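Novice: My questions will all concern the structure given below.
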4 protein chains.
Amino acid sequence: MIDAGIGGSHVTRVRVYYEDTDAAGIVYYANYLKFAERARSELMRDIGDGQYRKMLAQGMHFVVRRCVVDYIGAARLDDLLEVHSRMLALRGATLSAEQIVRRAGEDLVTMKIDLACLGPDGRPARIPPDLRAALAPYAGDAVAS
Amino acid sequence: MIDAGIGGSHVTRVRVYYEDTDAAGIVYYANYLKFAERARSELMRDIGDGQYRKMLAQGMHFVVRRCVVDYIGAARLDDLLEVHSRMLALRGATLSAEQIVRRAGEDLVTMKIDLACLGPDGRPARIPPDLRAALAPYAGDAVAS
Amino acid sequence: MIDAGIGGSHVTRVRVYYEDTDAAGIVYYANYLKFAERARSELMRDIGDGQYRKMLAQGMHFVVRRCVVDYIGAARLDDLLEVHSRMLALRGATLSAEQIVRRAGEDLVTMKIDLACLGPDGRPARIPPDLRAALAPYAGDAVAS
Amino acid sequence: MIDAGIGGSHVTRVRVYYEDTDAAGIVYYANYLKFAERARSELMRDIGDGQYRKMLAQGMHFVVRRCVVDYIGAARLDDLLEVHSRMLALRGATLSAEQIVRRAGEDLVTMKIDLACLGPDGRPARIPPDLRAALAPYAGDAVAS
C-alpha cells in the first residue's frame, strides 16, 4: 500500500512501544532515526518491481552520510506516528531525502538525510537505473537530469 | 576519571558490541547518538559535586533540540571508540556541544548537538548556576557572559 | 484487525529492518523480546473497548517477571515475521503467555513469558476485571476460575 | 582488568543511560540481554591471548540457543550495575553460563544462557581448544572432561 502524504510524499505508520521510550516518558531521540530508516526501507519496498530485494541480493545498500534532525515535539507511548518521506535530490550515486515524523497532523521531528549507494565492495556505486527511475515520483522536480 | 581529549574536551570510551552493529557489519547509524548521549551523561557525572544527580533528583533534564551528524567512517564490532565532547556555547537555558567519535585518532562521526534544559513541568528552565559553572572548563571561550 | 493465529492465538506482523539485525547478519537475540512486547501491546490494543488505554491512563502496567526463550532459527533482514501470542494462564494479578515468532509457517523463536500487573504505586495489583474478561478468548481453557 | 565476582565469576560493570530505560522509568526488559552479551564479550576479551579476536577473525561466533531470565528487581537511570558471569557447563560445541545483574550487592536479574559455537559456514563447530581451556577457570568443576 502506498499512501499519499504531504505533497506526494511516501507515508509509513509507526506505533510507539515501550522499547522506543525512555525514562523521561518520551521517545528516545536516537529512535526517530530508526523510524526514518524503517520508512526508507518501506519506500524502497513499495516502489518498482522487487528492485529493493534485487539490490540487497547484489550486496548493494545505502549508507547515511549526513543527517540534520530538528526535534520540535515529543512522541509518547502508544502514539501512532506517520513518517512522511520525499526525495530532495536524486543523483548518480547519492540521494537526499526529507523525512518528517508527524502525529495527528503535527510535525514532531524533521530530518534531512543524505545517503550514498555502496556496492558489494563497500565502495560508492551508482544507484541502479531501474531503482533510480522508480524513486523519481517521490522526487517532485528534484531529479538531476 | 576525567580524560584529556582534543583541545581539552571530555573523553568517554565506548566498546562496540553486537547490539551496536547491523547486518551491514558496521555500527547502525542511530547508535552513534546513543554513544553521544552516554558521553554527555559521563561528562555531566564527571563534573562538579554530584550536580548531575541533584539536577535529575529535581526532575530537570536536558533534551536534544537539534543534531547535525556527519558520518565519515564506519565503526565495527569490537572497536574501541572515544567520544570527545566539548561545549560550543553555554547559554542560560540551552547549550551546544560538539561530539566527535574517534577510533585510533581517526574521526568517524562528528556531531553538533543543541540541547535545552527542561524543568520538572517539562518547560524550558535555566541551567542550574552551579552546573553551568562546572561546564565552563569544557567550553573554551564559548561561555556567554 | 484481529488475526486468527495458531489455535486462536493473536497475530502481529513484524518486518525486520537494519535496526533489528547485527553483524552476524541475523536478528540480534534481545530484539525478539522487543517483537514479543510489540505483539503483547497490539493484543492489548485489539481487545475490549479501549481498556488498554484506560489501564495505562490509571498508571497501571504489566511487567515481565520471567521469560524462557528458545532460539530455533534465525530471522534476517527484510523478513516478514508473525508473532503468535496466546494466554497460558490468566490469574488475579499475573498472567502467562506463549509467544511464537514464525516466518512462513516455520517456528523461529518460542517464548514463555510471565507477567505481573502493577498499580500506579509500582506494587502488584489485580488485573482490571474488564481487561481480564477480554483476554479470556485468547486463553483457551487456561483461565483460572 | 579481570574482576573477582561471586564465587570466582567474571564481573563487567554497566552504567544505566537513558537509552536503556523506558517510559515506566526502569530498564527495558530486553536490555538486560544486551548487558549480558556485553559481559560475555568482555569475559571473552579478558581471557587468553587474543583468542576472542582470533575466533572472530576466523568467522566463528557464539549464538544463543536458549535463555531463562528471572526479573527480581528493576534497575533505574544512572544506576551502576555489575554483571557476574560464570560457566555452568563447558562442552565440545556448546556452553552454558549463569549471568546475574546486581546493584550494590542485590540481585536484580538472573539469567541462564545456553550458547552454541558456530563456524564460518553458520553450522555448529567445536569451541577452539585454546579458548575452551581459557574459559575453564570461570567454570569451577563444570568442565566436561
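Going by the C-alpha cells order, chains are called A, B, ..., each with residues numbered from 1, while ligands are numbered from 1 in the order shown.
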I'd like a table as a tab-separated table: residues in chain D with an atom no more than 8 Å from chain C, each row giving the shortest atom pair and its distance in Å to one decimal, only C-alpha atoms counted, sorted by chain and rising residue number.
Specialist:
residue	atom	partner	partner_atom	distance
D:Tyr29	CA	C:Val64	CA	7.1
D:Ala30	CA	C:Ala30	CA	5.5
D:Asn31	CA	C:Ala30	CA	7.0
D:Leu33	CA	C:Ala30	CA	5.6
D:Lys34	CA	C:Ala30	CA	6.6
D:Val64	CA	C:Tyr71	CA	7.0
D:Arg65	CA	C:Tyr71	CA	4.9
D:Arg66	CA	C:Asp70	CA	4.5
D:Cys67	CA	C:Val69	CA	5.3
D:Val68	CA	C:Val68	CA	4.4
D:Val69	CA	C:Cys67	CA	5.3
D:Asp70	CA	C:Arg66	CA	4.5
D:Tyr71	CA	C:Arg65	CA	4.9
D:Ile72	CA	C:Arg65	CA	7.0
Novice: Restricting the output to N, CA, C and O atoms, write the selected residues as a CSV table (one decimal), in the first residue's frame.
Specialist:
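Full text of result_38.csv as output:
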chain,number,residue,atom,x,y,z
D,29,TYR,N,13.0,-4.5,29.6
D,29,TYR,CA,13.4,-5.9,30.0
D,29,TYR,C,14.3,-6.6,29.0
D,29,TYR,O,15.1,-7.4,29.4
D,30,ALA,N,14.2,-6.2,27.7
D,30,ALA,CA,15.1,-6.8,26.7
D,30,ALA,C,16.6,-6.4,26.9
D,30,ALA,O,17.5,-7.0,26.5
D,31,ASN,N,16.7,-5.2,27.5
D,31,ASN,CA,18.1,-4.6,27.5
D,31,ASN,C,19.0,-5.3,28.5
D,31,ASN,O,20.3,-5.2,28.4
D,33,LEU,N,19.5,-8.4,28.4
D,33,LEU,CA,20.1,-9.3,27.5
D,33,LEU,C,21.3,-8.7,26.8
D,33,LEU,O,22.3,-9.3,26.4
D,34,LYS,N,21.2,-7.4,26.5
D,34,LYS,CA,22.3,-6.6,25.9
D,34,LYS,C,23.4,-6.5,27.0
D,34,LYS,O,24.6,-6.8,26.6
D,64,VAL,N,23.1,-17.7,20.8
D,64,VAL,CA,22.3,-18.1,22.0
D,64,VAL,C,21.3,-19.1,21.5
D,64,VAL,O,20.6,-18.8,20.5
D,65,ARG,N,21.2,-20.2,22.2
D,65,ARG,CA,20.2,-21.2,21.9
D,65,ARG,C,19.0,-21.1,22.8
D,65,ARG,O,17.8,-21.4,22.4
D,66,ARG,N,19.2,-20.6,24.0
D,66,ARG,CA,18.1,-20.6,25.0
D,66,ARG,C,18.5,-19.6,26.1
D,66,ARG,O,19.7,-19.5,26.5
D,67,CYS,N,17.6,-18.9,26.6
D,67,CYS,CA,17.8,-18.1,27.8
D,67,CYS,C,16.6,-18.1,28.7
D,67,CYS,O,15.5,-18.1,28.2
D,68,VAL,N,16.9,-18.2,30.0
D,68,VAL,CA,15.9,-18.2,31.0
D,68,VAL,C,16.2,-17.0,31.9
D,68,VAL,O,17.3,-16.9,32.4
D,69,VAL,N,15.3,-16.1,31.9
D,69,VAL,CA,15.6,-14.8,32.6
D,69,VAL,C,14.6,-14.6,33.7
D,69,VAL,O,13.4,-14.6,33.5
D,70,ASP,N,15.1,-14.4,34.9
D,70,ASP,CA,14.2,-14.0,36.0
D,70,ASP,C,14.4,-12.6,36.5
D,70,ASP,O,15.6,-12.2,36.8
D,71,TYR,N,13.3,-11.8,36.5
D,71,TYR,CA,13.4,-10.4,36.8
D,71,TYR,C,13.0,-10.2,38.3
D,71,TYR,O,11.8,-10.5,38.6
D,72,ILE,N,13.9,-9.9,39.1
D,72,ILE,CA,13.6,-9.8,40.6
D,72,ILE,C,13.4,-8.3,41.0
D,72,ILE,O,12.5,-8.0,41.7
Novice: Quick check for you: according to DSSP on this backbone, which residues of segment 2-125 of chain B are classed as strand (DSSP E)? Reply as a ChimeraX atom specification.
Specialist: /B:10-15,61-71,80-90,94-103,106-118
Novice: The selected residues should be written to file as a short mmCIF file (atom, residue, chain, number, x, y, z; two decimals), in the first residue's frame (atoms: N, CA and C atoms).
Specialist:
data_model
loop_
_atom_site.label_atom_id
_atom_site.label_comp_id
_atom_site.auth_asym_id
_atom_site.auth_seq_id
_atom_site.Cartn_x
_atom_site.Cartn_y
_atom_site.Cartn_z
N HIS B 10 36.18 16.53 26.85
CA HIS B 10 35.95 15.38 27.70
C HIS B 10 35.94 14.12 26.83
N VAL B 11 36.50 13.03 27.36
CA VAL B 11 36.56 11.80 26.57
C VAL B 11 35.86 10.65 27.28
N THR B 12 34.98 9.97 26.58
CA THR B 12 34.35 8.75 27.08
C THR B 12 34.68 7.61 26.12
N ARG B 13 35.08 6.49 26.67
CA ARG B 13 35.41 5.34 25.82
C ARG B 13 34.18 4.44 25.66
N VAL B 14 34.02 3.91 24.47
CA VAL B 14 32.87 3.06 24.15
C VAL B 14 33.39 1.84 23.39
N ARG B 15 33.03 0.66 23.85
CA ARG B 15 33.36 -0.57 23.13
C ARG B 15 32.19 -0.93 22.23
N HIS B 61 15.98 17.88 33.31
CA HIS B 61 16.84 17.12 32.40
C HIS B 61 17.04 17.90 31.11
N PHE B 62 18.03 17.46 30.34
CA PHE B 62 18.30 18.08 29.05
C PHE B 62 17.58 17.32 27.94
N VAL B 63 17.04 18.03 26.99
CA VAL B 63 16.51 17.39 25.79
C VAL B 63 17.24 17.94 24.58
N VAL B 64 17.36 17.08 23.56
CA VAL B 64 18.02 17.49 22.34
C VAL B 64 17.03 18.23 21.45
N ARG B 65 17.43 19.39 20.98
CA ARG B 65 16.58 20.19 20.09
C ARG B 65 16.97 19.99 18.63
N ARG B 66 18.27 19.75 18.41
CA ARG B 66 18.76 19.63 17.03
C ARG B 66 20.05 18.84 17.05
N CYS B 67 20.23 17.98 16.06
CA CYS B 67 21.56 17.42 15.89
C CYS B 67 21.91 17.32 14.42
N VAL B 68 23.17 17.63 14.17
CA VAL B 68 23.72 17.53 12.81
C VAL B 68 24.84 16.50 12.90
N VAL B 69 24.67 15.43 12.14
CA VAL B 69 25.58 14.30 12.26
C VAL B 69 26.25 14.02 10.92
N ASP B 70 27.57 14.02 10.89
CA ASP B 70 28.30 13.67 9.67
C ASP B 70 29.01 12.34 9.88
N TYR B 71 28.70 11.40 8.99
CA TYR B 71 29.27 10.06 9.06
C TYR B 71 30.45 9.98 8.08
N LEU B 80 37.29 -0.13 19.77
CA LEU B 80 37.27 0.74 20.94
C LEU B 80 37.20 2.18 20.44
N LEU B 81 36.14 2.85 20.79
CA LEU B 81 35.92 4.21 20.31
C LEU B 81 36.11 5.21 21.44
N GLU B 82 36.41 6.44 21.05
CA GLU B 82 36.43 7.54 22.01
C GLU B 82 35.43 8.58 21.55
N VAL B 83 34.63 9.06 22.48
CA VAL B 83 33.75 10.18 22.17
C VAL B 83 34.33 11.43 22.84
N HIS B 84 34.77 12.37 22.02
CA HIS B 84 35.33 13.64 22.51
C HIS B 84 34.21 14.68 22.50
N SER B 85 33.96 15.25 23.66
CA SER B 85 32.83 16.19 23.80
C SER B 85 33.32 17.53 24.32
N ARG B 86 32.89 18.59 23.70
CA ARG B 86 33.17 19.91 24.25
C ARG B 86 32.02 20.86 23.98
N MET B 87 31.90 21.86 24.83
CA MET B 87 30.83 22.84 24.71
C MET B 87 31.19 23.85 23.62
N LEU B 88 30.27 24.12 22.74
CA LEU B 88 30.47 25.17 21.75
C LEU B 88 29.85 26.47 22.24
N ALA B 89 28.79 26.34 23.01
CA ALA B 89 28.11 27.52 23.54
C ALA B 89 27.35 27.09 24.79
N LEU B 90 27.32 27.99 25.75
CA LEU B 90 26.72 27.69 27.05
C LEU B 90 25.88 28.91 27.40
N THR B 94 20.06 26.87 27.36
CA THR B 94 20.44 25.95 26.28
C THR B 94 21.95 25.84 26.22
N LEU B 95 22.40 24.78 25.56
CA LEU B 95 23.83 24.65 25.29
C LEU B 95 24.02 23.92 23.98
N SER B 96 25.17 24.13 23.38
CA SER B 96 25.53 23.42 22.16
C SER B 96 26.84 22.69 22.41
N ALA B 97 26.90 21.46 21.94
CA ALA B 97 28.10 20.65 22.14
C ALA B 97 28.57 20.09 20.80
N GLU B 98 29.87 19.96 20.70
CA GLU B 98 30.45 19.22 19.58
C GLU B 98 30.89 17.89 20.13
N GLN B 99 30.51 16.82 19.45
CA GLN B 99 30.90 15.48 19.89
C GLN B 99 31.47 14.72 18.70
N ILE B 100 32.69 14.22 18.89
CA ILE B 100 33.37 13.52 17.79
C ILE B 100 33.67 12.09 18.23
N VAL B 101 33.22 11.13 17.44
CA VAL B 101 33.53 9.72 17.72
C VAL B 101 34.79 9.37 16.93
N ARG B 102 35.82 8.95 17.67
CA ARG B 102 37.11 8.66 17.04
C ARG B 102 37.53 7.22 17.31
N ARG B 103 38.31 6.68 16.37
CA ARG B 103 38.92 5.36 16.57
C ARG B 103 40.38 5.48 16.20
N GLU B 106 41.37 8.63 14.49
CA GLU B 106 40.67 8.95 13.24
C GLU B 106 39.23 9.35 13.55
N ASP B 107 38.77 10.45 12.98
CA ASP B 107 37.38 10.86 13.18
C ASP B 107 36.45 9.96 12.37
N LEU B 108 35.46 9.37 13.05
CA LEU B 108 34.48 8.54 12.33
C LEU B 108 33.16 9.28 12.15
N VAL B 109 32.72 9.92 13.21
CA VAL B 109 31.43 10.62 13.17
C VAL B 109 31.57 11.93 13.94
N THR B 110 31.14 13.02 13.36
CA THR B 110 31.14 14.30 14.07
C THR B 110 29.70 14.76 14.25
N MET B 111 29.44 15.28 15.43
CA MET B 111 28.07 15.70 15.75
C MET B 111 28.08 17.09 16.36
N LYS B 112 27.09 17.85 16.00
CA LYS B 112 26.82 19.11 16.69
C LYS B 112 25.42 18.98 17.28
N ILE B 113 25.36 19.08 18.61
CA ILE B 113 24.11 18.82 19.31
C ILE B 113 23.67 20.07 20.07
N ASP B 114 22.43 20.48 19.85
CA ASP B 114 21.86 21.59 20.61
C ASP B 114 20.90 21.03 21.64
N LEU B 115 21.08 21.42 22.90
CA LEU B 115 20.24 20.91 23.98
C LEU B 115 19.55 22.04 24.71
N ALA B 116 18.40 21.71 25.27
CA ALA B 116 17.68 22.67 26.11
C ALA B 116 17.44 22.02 27.46
N CYS B 117 17.49 22.82 28.49
CA CYS B 117 17.23 22.34 29.85
C CYS B 117 15.73 22.46 30.12
N LEU B 118 15.15 21.36 30.61
CA LEU B 118 13.71 21.37 30.95
C LEU B 118 13.53 21.17 32.44
#
Novice: Under the rule that only C-alpha atoms are counted, which of A:Met44, A:Phe35, A:Gln51, A:Gly92 is the nearest residue to Val16 of chain A?
Specialist: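 Smallest separation from Val16 of chain A among the options: A:Phe35.
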Novice: Between atom CA of Met55 of chain C and atom CA of Ile127 of chain C, what distance in Å does the model show, to one decimal?
Specialist: 9.1 Å
Novice: Kindly give the distance, in Å, that separates atom CA of Val27 of chain C and atom CA of Ala93 of chain A, rounded to a single decimal.
Specialist: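 Here the two named atoms are 28.5 Å from each other.
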Novice: So what do you get for atom CA of Gln58 of chain C versus atom CA of Ala125 of chain C, distance-wise?
Specialist: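 That distance, rounded to one decimal, is 11.7 Å.
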Novice: Please return, as a PyMOL selection string, all residues of segment 5-141 of chain A that DSSP assigns to alpha helix (DSSP H) on the basis of the backbone.
Specialist: chain A and resi 31-46+51-57+129-135
